[in-house]
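Chemist: Input structure: final02.cif, which contains mmCIF, C-alpha atoms.
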data_entry
loop_
_atom_site.label_atom_id
_atom_site.label_comp_id
_atom_site.auth_asym_id
_atom_site.auth_seq_id
_atom_site.Cartn_x
_atom_site.Cartn_y
_atom_site.Cartn_z
CA MET C 1 -47.77 16.59 -1.53
CA ALA C 2 -44.60 15.40 -3.20
CA MET C 3 -41.91 14.26 -0.79
CA TYR C 4 -38.92 16.54 -0.36
CA GLY C 5 -35.67 14.57 -0.18
CA PHE C 6 -35.54 13.81 3.55
CA GLY C 7 -32.54 11.49 3.21
CA PRO C 8 -30.17 13.38 5.55
CA MET C 9 -32.87 13.71 8.23
CA ILE C 10 -33.77 10.03 7.99
CA ASP C 11 -30.07 9.07 8.14
CA GLN C 12 -29.74 11.21 11.28
CA LEU C 13 -32.76 9.51 12.87
CA LYS C 14 -31.51 6.03 11.94
CA LYS C 15 -28.35 6.74 13.94
CA ASN C 16 -30.39 8.03 16.87
CA PRO C 17 -34.03 6.77 16.70
CA LYS C 18 -36.73 8.90 18.33
CA THR C 19 -40.30 8.58 19.54
CA ILE C 20 -43.08 10.97 18.52
CA VAL C 21 -46.50 11.30 20.10
CA PHE C 22 -49.57 11.84 17.92
CA THR C 23 -52.40 13.36 19.93
CA GLU C 24 -55.16 12.19 17.55
CA GLY C 25 -54.60 8.43 17.53
CA CYS C 26 -57.87 7.47 15.84
CA ASP C 27 -57.55 9.83 12.86
CA PRO C 28 -57.09 7.84 9.60
CA ARG C 29 -54.40 10.24 8.37
CA ILE C 30 -52.42 9.76 11.57
CA LEU C 31 -52.85 5.99 11.35
CA GLU C 32 -51.63 5.89 7.76
CA ALA C 33 -48.56 7.96 8.64
CA ALA C 34 -47.93 5.80 11.72
CA SER C 35 -48.08 2.63 9.61
CA ARG C 36 -45.48 4.10 7.24
CA LEU C 37 -43.21 5.04 10.14
CA LEU C 38 -43.57 1.58 11.66
CA ALA C 39 -42.41 0.03 8.39
CA SER C 40 -39.06 1.70 9.11
CA SER C 41 -37.07 1.75 12.34
CA PHE C 42 -36.04 5.37 12.80
CA LEU C 43 -39.14 6.91 14.40
CA THR C 44 -41.58 5.14 16.73
CA PRO C 45 -45.11 6.56 16.96
CA ILE C 46 -47.03 6.85 20.22
CA LEU C 47 -50.76 7.13 19.57
CA VAL C 48 -52.93 8.85 22.18
CA GLY C 49 -56.38 7.31 22.53
CA ASN C 50 -58.41 4.37 23.73
CA GLU C 51 -56.54 1.24 22.64
CA GLU C 52 -59.63 -0.61 21.45
CA GLU C 53 -60.85 2.40 19.46
CA VAL C 54 -57.44 3.07 17.90
CA LEU C 55 -56.99 -0.57 16.85
CA LYS C 56 -60.51 -0.69 15.40
CA ALA C 57 -59.96 2.56 13.49
CA ALA C 58 -56.71 1.16 12.07
CA GLU C 59 -58.38 -2.12 11.11
CA ASP C 60 -61.33 -0.35 9.50
CA ALA C 61 -58.96 1.85 7.47
CA GLY C 62 -56.69 -1.07 6.58
CA TYR C 63 -53.49 0.16 8.24
CA ASN C 64 -51.00 -2.06 10.05
CA ILE C 65 -49.93 -0.32 13.25
CA ARG C 66 -48.39 -3.35 14.94
CA GLY C 67 -45.54 -2.10 17.13
CA ALA C 68 -47.03 1.31 17.87
CA GLN C 69 -47.45 2.35 21.47
CA ILE C 70 -51.05 3.27 22.29
CA ILE C 71 -51.52 5.27 25.49
CA ASP C 72 -54.91 6.06 27.00
CA SER C 73 -55.04 8.84 29.59
CA ASN C 74 -57.79 6.93 31.41
CA HIS C 75 -55.58 3.86 31.90
CA TYR C 76 -52.07 5.29 32.07
CA ASP C 77 -50.01 3.66 34.81
CA ARG C 78 -47.96 6.84 35.36
CA PHE C 79 -50.97 9.17 35.48
CA ASP C 80 -50.50 10.11 39.17
CA GLU C 81 -46.86 10.96 38.43
CA MET C 82 -48.04 13.04 35.46
CA VAL C 83 -50.51 14.94 37.65
CA ASP C 84 -47.73 15.75 40.13
CA LYS C 85 -45.44 16.94 37.34
CA PHE C 86 -48.24 19.05 35.83
CA CYS C 87 -48.90 20.70 39.22
CA GLU C 88 -45.19 21.41 39.56
CA LEU C 89 -45.05 23.03 36.14
CA ARG C 90 -48.23 25.06 36.74
CA ALA C 91 -47.54 25.91 40.39
CA GLY C 92 -49.28 29.13 41.41
CA LYS C 93 -51.73 28.97 38.49
CA LYS C 94 -55.42 28.25 38.92
CA GLU C 95 -55.07 24.93 37.07
CA GLY C 96 -52.11 23.86 39.21
CA THR C 97 -54.17 21.73 41.60
CA PRO C 98 -54.49 17.93 41.43
CA GLU C 99 -58.24 18.15 40.76
CA LYS C 100 -57.86 20.59 37.84
CA ALA C 101 -54.79 18.75 36.55
CA ARG C 102 -56.69 15.45 36.34
CA GLU C 103 -59.48 17.15 34.42
CA ILE C 104 -57.13 18.95 32.00
CA LEU C 105 -54.97 15.88 31.38
CA THR C 106 -57.91 13.99 29.90
CA GLN C 107 -57.52 16.33 26.90
CA PRO C 108 -55.25 14.63 24.33
CA ASN C 109 -53.27 17.80 23.51
CA TYR C 110 -52.34 18.33 27.19
CA PHE C 111 -51.81 14.63 27.85
CA GLY C 112 -49.53 14.28 24.81
CA THR C 113 -47.56 17.39 25.75
CA MET C 114 -46.99 15.98 29.23
CA LEU C 115 -45.64 12.76 27.69
CA VAL C 116 -42.95 14.95 26.12
CA ALA C 117 -42.40 16.91 29.36
CA MET C 118 -41.88 13.61 31.22
CA GLY C 119 -39.46 12.26 28.60
CA VAL C 120 -41.78 9.45 27.49
CA ALA C 121 -41.72 10.90 23.95
CA ASP C 122 -39.07 13.02 22.23
CA ALA C 123 -41.48 15.09 20.15
CA LEU C 124 -45.16 15.77 19.46
CA LEU C 125 -47.27 16.34 16.37
CA GLY C 126 -50.90 17.41 16.68
CA GLY C 127 -53.58 19.64 15.23
CA ALA C 128 -55.10 17.42 12.53
CA THR C 129 -58.49 18.13 14.11
CA TYR C 130 -57.91 21.21 16.27
CA SER C 131 -56.47 24.71 16.01
CA THR C 132 -52.85 25.89 16.18
CA SER C 133 -53.56 27.61 19.50
CA ASP C 134 -54.64 24.27 20.98
CA THR C 135 -51.19 22.89 20.11
CA VAL C 136 -49.19 25.97 21.12
CA ARG C 137 -50.96 26.70 24.43
CA PRO C 138 -50.03 23.43 26.21
CA ALA C 139 -46.51 23.67 24.78
CA LEU C 140 -46.03 27.19 26.16
CA GLN C 141 -47.45 26.23 29.54
CA LEU C 142 -45.64 22.92 29.99
CA ILE C 143 -42.61 22.70 27.67
CA LYS C 144 -41.93 26.44 27.70
CA THR C 145 -39.48 28.45 25.61
CA LYS C 146 -35.73 27.88 25.51
CA PRO C 147 -33.75 29.79 28.16
CA ASN C 148 -32.68 32.58 25.79
CA ASN C 149 -36.02 32.83 23.97
CA SER C 150 -38.98 35.02 24.87
CA ILE C 151 -41.41 33.82 22.19
CA VAL C 152 -42.44 30.84 20.11
CA SER C 153 -42.21 31.54 16.41
CA SER C 154 -42.61 29.55 13.22
CA CYS C 155 -40.97 28.85 9.91
CA PHE C 156 -42.20 27.46 6.62
CA ILE C 157 -39.81 25.58 4.35
CA LEU C 158 -40.68 25.89 0.66
CA VAL C 159 -39.31 23.45 -1.90
CA ARG C 160 -39.56 23.05 -5.68
CA PRO C 161 -37.40 21.33 -8.31
CA GLY C 162 -34.76 23.70 -9.67
CA ALA C 163 -33.70 24.14 -13.30
CA THR C 164 -30.40 22.35 -12.63
CA GLY C 165 -32.10 19.31 -11.10
CA GLU C 166 -31.40 20.32 -7.51
CA ASN C 167 -34.26 21.42 -5.28
CA GLU C 168 -34.74 25.13 -4.67
CA VAL C 169 -35.28 25.47 -0.91
CA LEU C 170 -36.39 28.63 0.90
CA ALA C 171 -37.16 29.47 4.54
CA MET C 172 -39.84 31.97 5.58
CA GLY C 173 -40.58 33.22 9.10
CA ASP C 174 -42.76 34.02 10.93
CA CYS C 175 -45.87 33.23 8.90
CA ALA C 176 -48.14 31.64 11.49
CA ILE C 177 -47.66 32.63 15.14
CA ASN C 178 -46.68 36.23 15.97
CA ILE C 179 -49.17 38.80 14.71
CA ALA C 180 -47.04 41.95 14.93
CA PRO C 181 -43.55 41.15 16.24
CA SER C 182 -41.38 43.89 17.69
CA GLU C 183 -37.83 44.64 16.51
CA ASP C 184 -36.31 42.40 19.18
CA GLU C 185 -38.82 39.63 18.49
CA LEU C 186 -37.92 39.81 14.79
CA VAL C 187 -34.27 39.30 15.73
CA GLU C 188 -35.25 36.22 17.73
CA ILE C 189 -37.39 34.97 14.82
CA CYS C 190 -34.41 35.53 12.52
CA GLY C 191 -32.08 33.45 14.71
CA GLU C 192 -34.51 30.55 14.96
CA THR C 193 -35.28 30.66 11.23
CA ILE C 194 -31.55 30.58 10.41
CA GLU C 195 -31.08 27.42 12.48
CA CYS C 196 -34.17 25.78 10.96
CA ALA C 197 -32.98 26.65 7.45
CA LYS C 198 -29.64 24.94 8.10
CA ILE C 199 -31.39 21.68 9.03
CA PHE C 200 -32.84 21.68 5.50
CA GLY C 201 -29.44 22.23 3.89
CA ILE C 202 -29.94 25.95 3.26
CA ASP C 203 -26.88 28.21 3.54
CA PRO C 204 -28.89 31.18 4.88
CA LYS C 205 -28.81 34.55 3.17
CA VAL C 206 -31.38 36.55 5.11
CA ALA C 207 -33.60 39.36 3.83
CA PHE C 208 -35.72 41.47 6.19
CA LEU C 209 -38.63 42.27 3.89
CA SER C 210 -40.43 45.57 3.48
CA TYR C 211 -42.08 47.83 0.91
CA SER C 212 -38.83 49.81 0.99
CA THR C 213 -35.27 48.99 -0.07
CA LEU C 214 -32.52 50.51 2.08
CA GLY C 215 -34.27 53.81 2.71
CA SER C 216 -36.30 54.19 -0.49
CA GLY C 217 -39.55 54.39 1.50
CA LYS C 218 -40.67 55.71 4.85
CA GLY C 219 -43.01 54.49 7.59
CA ASP C 220 -43.09 52.76 10.96
CA SER C 221 -42.90 49.29 9.41
CA VAL C 222 -39.91 50.29 7.29
CA GLU C 223 -38.09 51.60 10.32
CA LYS C 224 -38.91 48.49 12.30
CA MET C 225 -37.46 46.19 9.64
CA ARG C 226 -34.39 48.39 9.12
CA ASN C 227 -33.64 48.48 12.84
CA ALA C 228 -34.34 44.76 13.28
CA ALA C 229 -32.00 43.93 10.40
CA ALA C 230 -29.24 46.04 11.98
CA LYS C 231 -29.70 44.28 15.33
CA ALA C 232 -29.72 40.87 13.62
CA LYS C 233 -26.45 41.66 11.81
CA ALA C 234 -24.85 42.40 15.16
CA GLU C 235 -26.39 39.33 16.80
CA PHE C 236 -25.49 36.89 13.99
CA PRO C 237 -22.27 38.24 12.44
CA ASP C 238 -21.47 34.96 10.64
CA THR C 239 -24.72 35.02 8.61
CA PRO C 240 -25.24 37.35 5.61
CA ILE C 241 -28.22 39.58 6.51
CA GLU C 242 -29.69 42.58 4.71
CA GLY C 243 -32.64 44.85 5.29
CA GLU C 244 -34.87 46.44 4.72
CA LEU C 245 -35.42 44.96 1.22
CA GLN C 246 -38.34 44.75 -1.17
CA PHE C 247 -38.96 41.22 -2.33
CA ASP C 248 -37.82 41.86 -5.91
CA ALA C 249 -34.54 43.33 -4.66
CA ALA C 250 -34.11 40.34 -2.36
CA VAL C 251 -34.44 37.67 -5.08
CA SER C 252 -33.69 39.25 -8.47
CA PRO C 253 -30.01 39.92 -9.27
CA ARG C 254 -31.06 42.35 -12.01
CA VAL C 255 -33.24 44.43 -9.65
CA ALA C 256 -30.62 44.22 -6.89
CA ARG C 257 -27.95 45.67 -9.21
CA THR C 258 -30.17 48.74 -9.66
CA LYS C 259 -31.54 49.16 -6.14
CA CYS C 260 -28.68 48.02 -3.90
CA PRO C 261 -25.59 47.09 -5.94
CA ASP C 262 -23.29 46.85 -2.91
CA SER C 263 -25.38 44.29 -1.02
CA LYS C 264 -24.05 40.73 -0.77
CA VAL C 265 -27.54 39.37 0.06
CA ALA C 266 -29.78 41.27 -2.36
CA GLY C 267 -30.62 39.23 -5.44
CA HIS C 268 -29.63 35.97 -3.73
CA ALA C 269 -31.74 35.80 -0.54
CA ASN C 270 -33.13 32.39 0.43
CA THR C 271 -34.30 33.09 3.99
CA PHE C 272 -36.99 35.71 4.49
CA ILE C 273 -38.16 37.54 7.61
CA PHE C 274 -41.58 39.16 7.29
CA PRO C 275 -42.71 42.24 9.23
CA ASP C 276 -45.97 40.67 10.44
CA ILE C 277 -48.22 37.64 10.15
CA ASN C 278 -50.33 39.26 7.42
CA SER C 279 -47.48 39.59 4.95
CA GLY C 280 -45.89 36.31 6.02
CA ASN C 281 -49.02 34.21 5.69
CA MET C 282 -49.88 35.71 2.31
CA GLY C 283 -46.28 35.48 1.13
CA TYR C 284 -45.78 31.77 1.69
CA LYS C 285 -49.23 30.94 0.29
CA ILE C 286 -48.56 32.95 -2.88
CA ALA C 287 -45.28 31.04 -3.32
CA GLN C 288 -47.06 27.74 -2.65
CA ARG C 289 -50.06 28.26 -4.93
CA MET C 290 -48.60 30.36 -7.75
CA GLY C 291 -44.91 29.48 -7.54
CA ASN C 292 -45.50 25.70 -7.36
CA PHE C 293 -43.55 25.34 -4.13
CA GLU C 294 -44.30 22.58 -1.66
CA ALA C 295 -44.78 24.17 1.76
CA TYR C 296 -43.73 22.35 4.95
CA GLY C 297 -44.92 23.86 8.20
CA PRO C 298 -45.61 25.74 10.29
CA ILE C 299 -42.51 24.43 12.05
CA LEU C 300 -42.69 25.77 15.60
CA LEU C 301 -39.42 27.27 16.89
CA GLY C 302 -38.12 28.43 20.24
CA LEU C 303 -39.54 25.66 22.46
CA ASN C 304 -37.55 23.42 24.79
CA ALA C 305 -38.73 20.36 22.84
CA PRO C 306 -39.96 19.86 19.27
CA ILE C 307 -43.73 20.25 19.08
CA ASN C 308 -45.43 20.92 15.78
CA ASP C 309 -48.83 21.73 14.41
CA LEU C 310 -50.66 20.18 11.48
CA SER C 311 -53.13 21.84 9.17
CA ARG C 312 -56.64 20.51 9.64
CA GLY C 313 -56.69 19.98 5.89
CA CYS C 314 -53.53 17.85 5.94
CA ASN C 315 -53.16 14.46 4.31
CA ALA C 316 -51.21 11.41 5.47
CA ILE C 317 -48.10 12.30 3.44
CA GLU C 318 -47.96 15.70 5.13
CA VAL C 319 -48.31 14.03 8.54
CA TYR C 320 -45.47 11.63 7.68
CA SER C 321 -43.28 14.50 6.41
CA MET C 322 -43.95 16.69 9.42
CA ALA C 323 -43.24 13.78 11.78
CA ILE C 324 -39.75 13.39 10.27
CA ILE C 325 -39.14 17.16 10.39
CA THR C 326 -40.30 17.39 13.99
CA ALA C 327 -38.16 14.49 15.16
CA ALA C 328 -35.13 15.88 13.31
CA LEU C 329 -35.40 19.02 15.47
CA VAL C 330 -34.74 17.02 18.65
#
Let me see whether you can do it: turn the structure in this file into structure tokens.
Modeler:
Amino acid sequence: MAMYGFGPMIDQLKKNPKTIVFTEGCDPRILEAASRLLASSFLTPILVGNEEEVLKAAEDAGYNIRGAQIIDSNHYDRFDEMVDKFCELRAGKKEGTPEKAREILTQPNYFGTMLVAMGVADALLGGATYSTSDTVRPALQLIKTKPNNSIVSSCFILVRPGATGENEVLAMGDCAINIAPSEDELVEICGETIECAKIFGIDPKVAFLSYSTLGSGKGDSVEKMRNAAAKAKAEFPDTPIEGELQFDAAVSPRVARTKCPDSKVAGHANTFIFPDINSGNMGYKIAQRMGNFEAYGPILLGLNAPINDLSRGCNAIEVYSMAIITAALV
């Protein structure tokens, strides 16, 4: 994966350095990314795992991780405090007992998430060897959603070199988490995607996508996107939003002039809200594989702290990139 210009994010982190916990400390891809981060001074990795095993894995792979924190759940001096905090957060749940907490906190994804909950780390990146749900579940249970949010959603940032020499950057949500979001959930996804887009230098022009353009088609999905777009316009009056739009009307000025000539978004959209996970997942992958975009994500949105998921097929450059993105969300 080619590196998107992360200069502004790195500059931001240099002014205010962060720590990020990696839940799979022995994975060679994590170790390579950690060694790259340690060569700078803006983001300190915390590696979860047995210290001896992590150091041996780094030595075997040839990566210098001197300066990294390595934390083993079996020898953590604040483990009793962590158990108490876990029980507090899960009070009233079947796992909210000291015995269950101790058992659960031996799992790296839960242990790493608690390091964030306790303020030991600013952010977390996991999932190089386990599923998205194994990253999201502990985050929902322990970090929880922001006060005004009801769901966790996700955004992909897509980047490719533009004809003028500047990168073309798009935001797409939600392509990974919510299977069939409601109208109100789509409004929430829209708000989070707008804020994520701004971090990447996008001036958001939002299209709620459909197989219909402003009433040209009928159906439950069309109505959902039309209503969600109307609610989003009211919720975010300072952001240009249009919907429902077909994709060609959203991105092609020529098509937009025919289908919706009075729209200020149509033909120029750069931030896309999909009706469901099916269309979203296919949409970003079509752009990635056939449009030669680099895809960064899924970037999880709506949590009280930045926690992100890796693809199990990721490489070290993707881990490094996602670490910077995740920390920049703090």
Chemist: Enumerate, as number ranges by chain, the residues matched when the PyMOL selection byres ((chain C and resi 262-271) around 8) is run on the file above.
Modeler: C: 169-172, 193-194, 197, 202, 204-207, 240-242, 245, 248-257, 260-261, 272-273
Chemist: Which residues would end up in the selection if the PyMOL selection byres ((chain C and resi 279) around 12) were applied here, given that I need the answer as a list in words?
Modeler: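 Taken over the shown coordinates, the PyMOL selection byres ((chain C and resi 279) around 12) returns Met172, Gly173, Asp174, Cys175, Ala176, Asn178, Ile179, Ala180, Phe208, Leu209, Ser210, Tyr211, Ser221, Phe247, Phe272, Ile273, Phe274, Pro275, Asp276, Ile277, Asn278, Gly280, Asn281, Met282, Gly283, Tyr284, Lys285 and Ile286 of chain C.
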Chemist: Residues within 12 Å of C:Arg102, please, as a list in words. Count all atoms listed in the file; anything in the same chain fewer than 3 positions from it doesn't count.
Modeler: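 Near neighbours after the sequence-gap exclusion: Ser73, Asn74, Tyr76, Phe79, Asp80, Glu81, Met82, Val83, Asp84, Lys85, Phe86, Cys87, Glu95, Gly96, Thr97, Pro98, Glu99, Leu105, Thr106, Gln107, Tyr110 and Phe111 of chain C.
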Chemist: Keeping only C-alpha atoms, write the selected residues as a PDB file, keeping the file's coordinate frame.
Modeler:
ATOM      1  CA  SER C  73     -55.040   8.840  29.590  1.00  0.00           C
ATOM      2  CA  ASN C  74     -57.790   6.930  31.410  1.00  0.00           C
ATOM      3  CA  TYR C  76     -52.070   5.290  32.070  1.00  0.00           C
ATOM      4  CA  PHE C  79     -50.970   9.170  35.480  1.00  0.00           C
ATOM      5  CA  ASP C  80     -50.500  10.110  39.170  1.00  0.00           C
ATOM      6  CA  GLU C  81     -46.860  10.960  38.430  1.00  0.00           C
ATOM      7  CA  MET C  82     -48.040  13.040  35.460  1.00  0.00           C
ATOM      8  CA  VAL C  83     -50.510  14.940  37.650  1.00  0.00           C
ATOM      9  CA  ASP C  84     -47.730  15.750  40.130  1.00  0.00           C
ATOM     10  CA  LYS C  85     -45.440  16.940  37.340  1.00  0.00           C
ATOM     11  CA  PHE C  86     -48.240  19.050  35.830  1.00  0.00           C
ATOM     12  CA  CYS C  87     -48.900  20.700  39.220  1.00  0.00           C
ATOM     13  CA  GLU C  95     -55.070  24.930  37.070  1.00  0.00           C
ATOM     14  CA  GLY C  96     -52.110  23.860  39.210  1.00  0.00           C
ATOM     15  CA  THR C  97     -54.170  21.730  41.600  1.00  0.00           C
ATOM     16  CA  PRO C  98     -54.490  17.930  41.430  1.00  0.00           C
ATOM     17  CA  GLU C  99     -58.240  18.150  40.760  1.00  0.00           C
ATOM     18  CA  LEU C 105     -54.970  15.880  31.380  1.00  0.00           C
ATOM     19  CA  THR C 106     -57.910  13.990  29.900  1.00  0.00           C
ATOM     20  CA  GLN C 107     -57.520  16.330  26.900  1.00  0.00           C
ATOM     21  CA  TYR C 110     -52.340  18.330  27.190  1.00  0.00           C
ATOM     22  CA  PHE C 111     -51.810  14.630  27.850  1.00  0.00           C
TER      23      PHE C 111
END
Chemist: Which residues are close to C:Leu301, i.e. within 6 Å by only C-alpha atoms, leaving aside same-chain residues fewer than 3 positions away? Reply as a PyMOL selection string.
Modeler: chain C and resi 152-154
Chemist: List the neighbours of C:Ala68 out to 8 Å using all atoms listed in the file; skip same-chain residues closer than 6 positions along the sequence, and give me the result as an MDAnalysis selection string.
Modeler: chainID C and resid 34 38 44:47
Chemist: Can you list, as an MDAnalysis selection string, the residues that the PyMOL selection byres ((chain C and resi 299) around 9) selects here?
Modeler: chainID C and resid 153:157 196 296:298 300:301 306:309 322 325:326
Chemist: Need the shell around C:Val319: protein/DNA/RNA residues with any atom at most 8 Å away, counting only C-alpha atoms. Skip same-chain ones fewer than 5 positions apart. Format as an NGL selection string?
Modeler: :C and (29-30 or 33 or 310 or 314)
Chemist: What is the distance between atom CA of C:Ala58 and atom CA of C:Thr113, in Å to one decimal?
Modeler: 23.1 Å
Chemist: Nearest to C:Thr23 among C:Asn50, C:Ser150, C:Asn227, C:Thr213, with distances taken over all atoms listed in the file: which residue is it?
Modeler: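 Among the listed residues, C:Asn50 lies closest to C:Thr23.
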Chemist: Which residues are close to C:Leu55, i.e. within 10 Å by all atoms listed in the file, leaving aside same-chain residues fewer than 2 positions away? Reply as a list of chain:residue names.
Modeler: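 In the requested format, the answer is C:Gly25, C:Cys26, C:Leu31, C:Gly49, C:Asn50, C:Glu51, C:Glu52, C:Glu53, C:Ala57, C:Ala58, C:Glu59, C:Asp60, C:Ala61, C:Tyr63, C:Asn64, C:Ile65, C:Arg66, C:Ile70.
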Chemist: What is the atom CA of C:Met225-atom CA of C:Arg160 distance in Å, reported with one decimal?
Modeler: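 Spanning atom CA of C:Met225 to atom CA of C:Arg160 is a straight-line distance of 27.8 Å.
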Chemist: Which residue, C:Gly313, C:Pro181, C:Gly302, C:Pro17, has the smallest gap to C:Ala139 when you use all atoms listed in the file?
Modeler: C:Gly302
Chemist: Report, in Å with one decimal, the straight-line distance from atom CA of C:Gln141 to atom CA of C:Val21.
Modeler: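 Distance between the two atoms: 17.7 Å.
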Chemist: Which is closest to C:Val187 among C:Asn149, C:Asn167, C:Asn315, C:Ser41, if we use only C-alpha atoms?
Modeler: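 Using only C-alpha atoms, C:Val187 sits closest to C:Asn149.
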Chemist: Closest to C:Leu303 among C:Leu140, C:Val116, C:Ala163, C:Ala121, using all atoms listed in the file?
Modeler: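 Smallest separation from C:Leu303 among the options: C:Leu140.
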Chemist: Taking only C-alpha atoms into account, name the residue in C:Gly219, C:Gly191, C:Gly92, C:Gly201 that is nearest to C:Lys231.
Modeler: C:Gly191
Chemist: Please determine, counting only C-alpha atoms, which residue among C:Asp184, C:Arg226, C:Val159, C:Ala232 has the shortest atom-to-atom distance to C:Gly291.
Modeler: C:Val159
Chemist: Calculate, to one decimal in Å, the centre and edge lengths of the box along x, y and z of the file that holds all listed atoms of stretch 317-329 of chain C with 3 Å of margin on each side, and present them as JSON.
Modeler:
{"center_x": -41.7, "center_y": 15.3, "center_z": 9.5, "size_x": 19.2, "size_y": 13.4, "size_z": 18.0}
Chemist: For stretch 116-122 of chain C, supply all heavy atoms and format the output as a CSV table (one decimal), in the frame of the given file.
Modeler:
chain,number,residue,atom,x,y,z
C,116,VAL,N,-44.2,14.4,26.5
C,116,VAL,CA,-43.0,15.0,26.1
C,116,VAL,C,-42.2,15.6,27.3
C,116,VAL,O,-41.0,15.4,27.5
C,116,VAL,CB,-43.1,16.0,25.0
C,116,VAL,CG1,-41.8,16.7,24.7
C,116,VAL,CG2,-43.8,15.4,23.8
C,117,ALA,N,-43.0,16.3,28.2
C,117,ALA,CA,-42.4,16.9,29.4
C,117,ALA,C,-41.8,15.9,30.3
C,117,ALA,O,-40.8,16.2,31.0
C,117,ALA,CB,-43.5,17.7,30.1
C,118,MET,N,-42.4,14.7,30.3
C,118,MET,CA,-41.9,13.6,31.2
C,118,MET,C,-40.8,12.8,30.6
C,118,MET,O,-40.3,11.9,31.2
C,118,MET,CB,-43.0,12.7,31.6
C,118,MET,CG,-44.1,13.4,32.5
C,118,MET,SD,-45.6,12.4,32.8
C,118,MET,CE,-44.9,11.0,33.7
C,119,GLY,N,-40.5,13.0,29.3
C,119,GLY,CA,-39.5,12.3,28.6
C,119,GLY,C,-39.9,10.9,28.0
C,119,GLY,O,-39.1,10.1,27.6
C,120,VAL,N,-41.2,10.7,28.1
C,120,VAL,CA,-41.8,9.4,27.5
C,120,VAL,C,-41.7,9.5,26.0
C,120,VAL,O,-41.4,8.5,25.3
C,120,VAL,CB,-43.2,9.2,27.9
C,120,VAL,CG1,-43.8,8.0,27.3
C,120,VAL,CG2,-43.3,9.1,29.4
C,121,ALA,N,-41.9,10.7,25.4
C,121,ALA,CA,-41.7,10.9,24.0
C,121,ALA,C,-40.7,12.0,23.7
C,121,ALA,O,-40.6,12.9,24.6
C,121,ALA,CB,-43.1,11.3,23.3
C,122,ASP,N,-40.0,12.0,22.6
C,122,ASP,CA,-39.1,13.0,22.2
C,122,ASP,C,-39.7,14.2,21.6
C,122,ASP,O,-39.2,15.3,21.7
C,122,ASP,CB,-38.0,12.5,21.3
C,122,ASP,CG,-37.2,11.3,21.9
C,122,ASP,OD1,-36.6,11.6,22.9
C,122,ASP,OD2,-37.2,10.2,21.3
